[in-house]
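A.B. asks: Let me begin by handing over the structure; questions about it come next.
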Amino acid sequence: MKDYRLMLLGIAIILFGIAYEVTLIGHAPEEFLRFIVKTFKFIGIIVTVIGYFEAEKK
């Protein structure tokens with residue numbers, strides 16, 4: 001069976017970024033917080049892609 005733990009970590013990071021963005025609804029967040037949210041989602045996508053290729057190797 002393939003090892004998908006790294007992909008699941010990436011998906012969890014993406015979901016954390018989305019959840020944090022939802023908590024900012026109705027507020028006027030600073031640009032730094034918006035940058036952090038976008039960075040979390042981007043890192044999550046990269047980790048998911050790396051995990052996909054690592055699972056395919058095994």
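FYI, nothing fancy with the structure tokens labels: chains A, B, ... in order, residues from 1 per chain, ligands from 1 as they appear.
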Excluding Gly51 in chain A and any residue of its chain fewer than 5 positions from it, enumerate the residues within 10 Å of it, using only C-alpha atoms, and give them as a PyMOL selection string.

C.D. replies: chain A and resi 3-10+45-46+56-57

A.B. asks: Restricted to all heavy atoms, what would the selected residues look like written as a compact mmCIF listing (two decimals), in the first residue's frame?

C.D. replies:
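So selection_2.txt came out as:
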```
# COMPACT_ATOMS: atom_id res chain seq x y z
N ASP A 3 2.23 5.02 0.62
CA ASP A 3 2.32 5.86 1.81
C ASP A 3 1.88 7.28 1.45
O ASP A 3 2.56 7.97 0.71
CB ASP A 3 3.76 5.85 2.32
CG ASP A 3 3.89 6.49 3.67
OD1 ASP A 3 2.86 6.72 4.32
OD2 ASP A 3 5.03 6.76 4.09
N TYR A 4 0.75 7.68 1.95
CA TYR A 4 0.18 8.98 1.61
C TYR A 4 0.26 9.98 2.75
O TYR A 4 -0.42 11.00 2.74
CB TYR A 4 -1.29 8.82 1.20
CG TYR A 4 -1.46 8.10 -0.12
CD1 TYR A 4 -1.97 6.82 -0.16
CD2 TYR A 4 -1.10 8.72 -1.29
CE1 TYR A 4 -2.13 6.17 -1.37
CE2 TYR A 4 -1.25 8.08 -2.51
CZ TYR A 4 -1.76 6.80 -2.55
OH TYR A 4 -1.92 6.17 -3.74
N ARG A 5 1.09 9.72 3.74
CA ARG A 5 1.13 10.62 4.90
C ARG A 5 1.57 12.03 4.53
O ARG A 5 1.03 13.01 5.06
CB ARG A 5 2.05 10.06 5.97
CG ARG A 5 1.44 8.89 6.70
CD ARG A 5 2.35 8.41 7.78
NE ARG A 5 3.43 7.68 7.14
CZ ARG A 5 4.43 7.13 7.78
NH1 ARG A 5 4.50 7.22 9.08
NH2 ARG A 5 5.37 6.47 7.14
N LEU A 6 2.53 12.16 3.63
CA LEU A 6 3.01 13.49 3.24
C LEU A 6 1.93 14.25 2.49
O LEU A 6 1.76 15.46 2.68
CB LEU A 6 4.28 13.37 2.41
CG LEU A 6 5.07 14.64 2.16
CD1 LEU A 6 5.47 15.27 3.49
CD2 LEU A 6 6.31 14.35 1.35
N MET A 7 1.17 13.54 1.66
CA MET A 7 0.05 14.19 0.96
C MET A 7 -1.01 14.66 1.95
O MET A 7 -1.57 15.75 1.79
CB MET A 7 -0.57 13.23 -0.05
CG MET A 7 0.27 13.00 -1.28
SD MET A 7 -0.48 11.85 -2.41
CE MET A 7 -1.94 12.74 -2.89
N LEU A 8 -1.30 13.85 2.94
CA LEU A 8 -2.29 14.23 3.95
C LEU A 8 -1.83 15.44 4.75
O LEU A 8 -2.65 16.29 5.12
CB LEU A 8 -2.60 13.05 4.87
CG LEU A 8 -3.33 11.89 4.22
CD1 LEU A 8 -3.45 10.74 5.20
CD2 LEU A 8 -4.69 12.33 3.73
N LEU A 9 -0.53 15.53 5.02
CA LEU A 9 0.01 16.72 5.70
C LEU A 9 -0.21 17.96 4.84
O LEU A 9 -0.61 19.02 5.35
CB LEU A 9 1.49 16.53 6.01
CG LEU A 9 2.20 17.74 6.61
CD1 LEU A 9 1.63 18.04 7.99
CD2 LEU A 9 3.69 17.50 6.67
N GLY A 10 0.06 17.86 3.54
CA GLY A 10 -0.15 18.99 2.65
C GLY A 10 -1.61 19.42 2.61
O GLY A 10 -1.92 20.62 2.63
N ILE A 45 0.07 23.15 -1.10
CA ILE A 45 0.01 22.61 -2.45
C ILE A 45 1.35 21.97 -2.82
O ILE A 45 1.40 20.87 -3.37
CB ILE A 45 -0.38 23.71 -3.46
CG1 ILE A 45 -1.83 24.10 -3.25
CG2 ILE A 45 -0.15 23.24 -4.89
CD1 ILE A 45 -2.25 25.33 -4.02
N ILE A 46 2.45 22.64 -2.48
CA ILE A 46 3.78 22.11 -2.79
C ILE A 46 4.02 20.79 -2.04
O ILE A 46 4.50 19.81 -2.63
CB ILE A 46 4.87 23.14 -2.44
CG1 ILE A 46 4.71 24.40 -3.28
CG2 ILE A 46 6.26 22.55 -2.61
CD1 ILE A 46 4.83 24.18 -4.77
N GLU A 56 4.31 7.69 -5.42
CA GLU A 56 4.40 6.98 -6.69
C GLU A 56 5.73 6.23 -6.82
O GLU A 56 5.80 5.23 -7.50
CB GLU A 56 4.24 7.94 -7.86
CG GLU A 56 2.83 8.47 -8.03
CD GLU A 56 1.85 7.37 -8.40
OE1 GLU A 56 2.20 6.50 -9.22
OE2 GLU A 56 0.75 7.37 -7.85
N LYS A 57 6.79 6.73 -6.19
CA LYS A 57 8.10 6.08 -6.27
C LYS A 57 8.10 4.73 -5.56
O LYS A 57 8.74 3.80 -5.98
CB LYS A 57 9.17 6.96 -5.64
CG LYS A 57 9.61 8.11 -6.49
CD LYS A 57 10.72 8.85 -5.79
CE LYS A 57 11.11 10.10 -6.53
NZ LYS A 57 12.13 10.86 -5.79
```

A.B. asks: Please identify which residues in chain A DSSP calls helix (DSSP H, G or I) from the backbone, and express them as a PyMOL selection string.

C.D. replies: chain A and resi 5-23+31-57

A.B. asks: List as a PyMOL selection string the protein and nucleic acid residues near Tyr20 in chain A, meaning an atom at most 10 Å away when only C-alpha atoms are counted, but skip any in the same chain fewer than 5 places from it.

C.D. replies: chain A and resi 14-15+25+33-34+36-37+40

A.B. asks: Go ahead and dump the residues you just picked, all heavy atoms, as a compact mmCIF listing (two decimals), in the first residue's frame.

C.D. replies:
```
# COMPACT_ATOMS: atom_id res chain seq x y z
N ILE A 14 -3.30 23.04 3.72
CA ILE A 14 -4.22 23.81 2.88
C ILE A 14 -5.50 24.12 3.64
O ILE A 14 -5.99 25.26 3.64
CB ILE A 14 -4.53 23.05 1.59
CG1 ILE A 14 -3.29 22.93 0.71
CG2 ILE A 14 -5.66 23.73 0.81
CD1 ILE A 14 -3.46 21.98 -0.46
N LEU A 15 -6.05 23.11 4.32
CA LEU A 15 -7.30 23.32 5.07
C LEU A 15 -7.09 24.29 6.22
O LEU A 15 -8.00 25.07 6.54
CB LEU A 15 -7.83 21.98 5.58
CG LEU A 15 -8.35 21.04 4.50
CD1 LEU A 15 -8.75 19.71 5.12
CD2 LEU A 15 -9.51 21.67 3.75
N ILE A 25 -13.02 36.72 7.92
CA ILE A 25 -14.18 37.32 7.26
C ILE A 25 -14.82 38.32 8.22
O ILE A 25 -15.06 38.04 9.39
CB ILE A 25 -15.20 36.24 6.84
CG1 ILE A 25 -14.61 35.39 5.74
CG2 ILE A 25 -16.52 36.87 6.41
CD1 ILE A 25 -15.49 34.23 5.32
N LEU A 33 -1.17 39.37 7.48
CA LEU A 33 -2.02 38.20 7.72
C LEU A 33 -2.51 37.60 6.41
O LEU A 33 -2.59 36.37 6.28
CB LEU A 33 -3.20 38.57 8.61
CG LEU A 33 -2.87 38.91 10.05
CD1 LEU A 33 -4.12 39.32 10.81
CD2 LEU A 33 -2.22 37.72 10.73
N ARG A 34 -2.84 38.42 5.45
CA ARG A 34 -3.24 37.89 4.14
C ARG A 34 -2.09 37.15 3.48
O ARG A 34 -2.29 36.14 2.83
CB ARG A 34 -3.72 39.02 3.24
CG ARG A 34 -5.03 39.59 3.67
CD ARG A 34 -5.50 40.64 2.72
NE ARG A 34 -6.70 41.26 3.26
CZ ARG A 34 -7.49 42.01 2.56
NH1 ARG A 34 -7.23 42.25 1.30
NH2 ARG A 34 -8.56 42.53 3.11
N ILE A 36 0.32 35.57 5.06
CA ILE A 36 0.48 34.30 5.79
C ILE A 36 -0.52 33.27 5.28
O ILE A 36 -0.18 32.11 5.06
CB ILE A 36 0.33 34.53 7.30
CG1 ILE A 36 1.47 35.37 7.84
CG2 ILE A 36 0.24 33.21 8.05
CD1 ILE A 36 2.83 34.71 7.75
N VAL A 37 -1.77 33.68 5.08
CA VAL A 37 -2.81 32.75 4.60
C VAL A 37 -2.45 32.23 3.22
O VAL A 37 -2.53 31.02 2.97
CB VAL A 37 -4.19 33.45 4.60
CG1 VAL A 37 -5.22 32.61 3.87
CG2 VAL A 37 -4.65 33.72 6.02
N PHE A 40 0.46 29.75 3.50
CA PHE A 40 0.05 28.43 3.99
C PHE A 40 -0.55 27.60 2.87
O PHE A 40 -0.23 26.42 2.72
CB PHE A 40 -0.96 28.55 5.13
CG PHE A 40 -0.34 28.58 6.49
CD1 PHE A 40 -0.53 29.66 7.33
CD2 PHE A 40 0.44 27.52 6.93
CE1 PHE A 40 0.04 29.68 8.59
CE2 PHE A 40 1.01 27.54 8.19
CZ PHE A 40 0.81 28.63 9.02
```

A.B. asks: Would you mind telling me which residue in A:His27, A:Lys38, A:Ile43, A:Glu54 lies nearest to Ala12 in chain A when using only C-alpha atoms?

C.D. replies: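 Ranking A:His27, A:Lys38, A:Ile43, A:Glu54 by distance to Ala12 in chain A, first place goes to A:Ile43.
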
A.B. asks: Between CA of Glu21 in chain A and CA of Gly44 in chain A, measure the distance and give it in Å to one decimal.

C.D. replies: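 Between CA of Glu21 in chain A and CA of Gly44 in chain A the gap works out to 14.3 Å.
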
A.B. asks: Just the number, please: distance in Å from CA of Ile18 in chain A to CA of Glu30 in chain A, one decimal.

C.D. replies: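 The value is 16.7 Å.
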
A.B. asks: Counting only C-alpha atoms, which residue out of A:Phe35, A:Ile13, A:Ala28, A:Val22 sits closest to Thr48 in chain A?

C.D. replies: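 Among the listed residues, A:Ile13 lies closest to Thr48 in chain A.
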
A.B. asks: Using only C-alpha atoms, which of the listed residues (A:Lys41, A:Val47, A:Phe53, A:Phe32) sits closest to Gly17 in chain A?

C.D. replies: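 The closest residue to Gly17 in chain A is A:Lys41.
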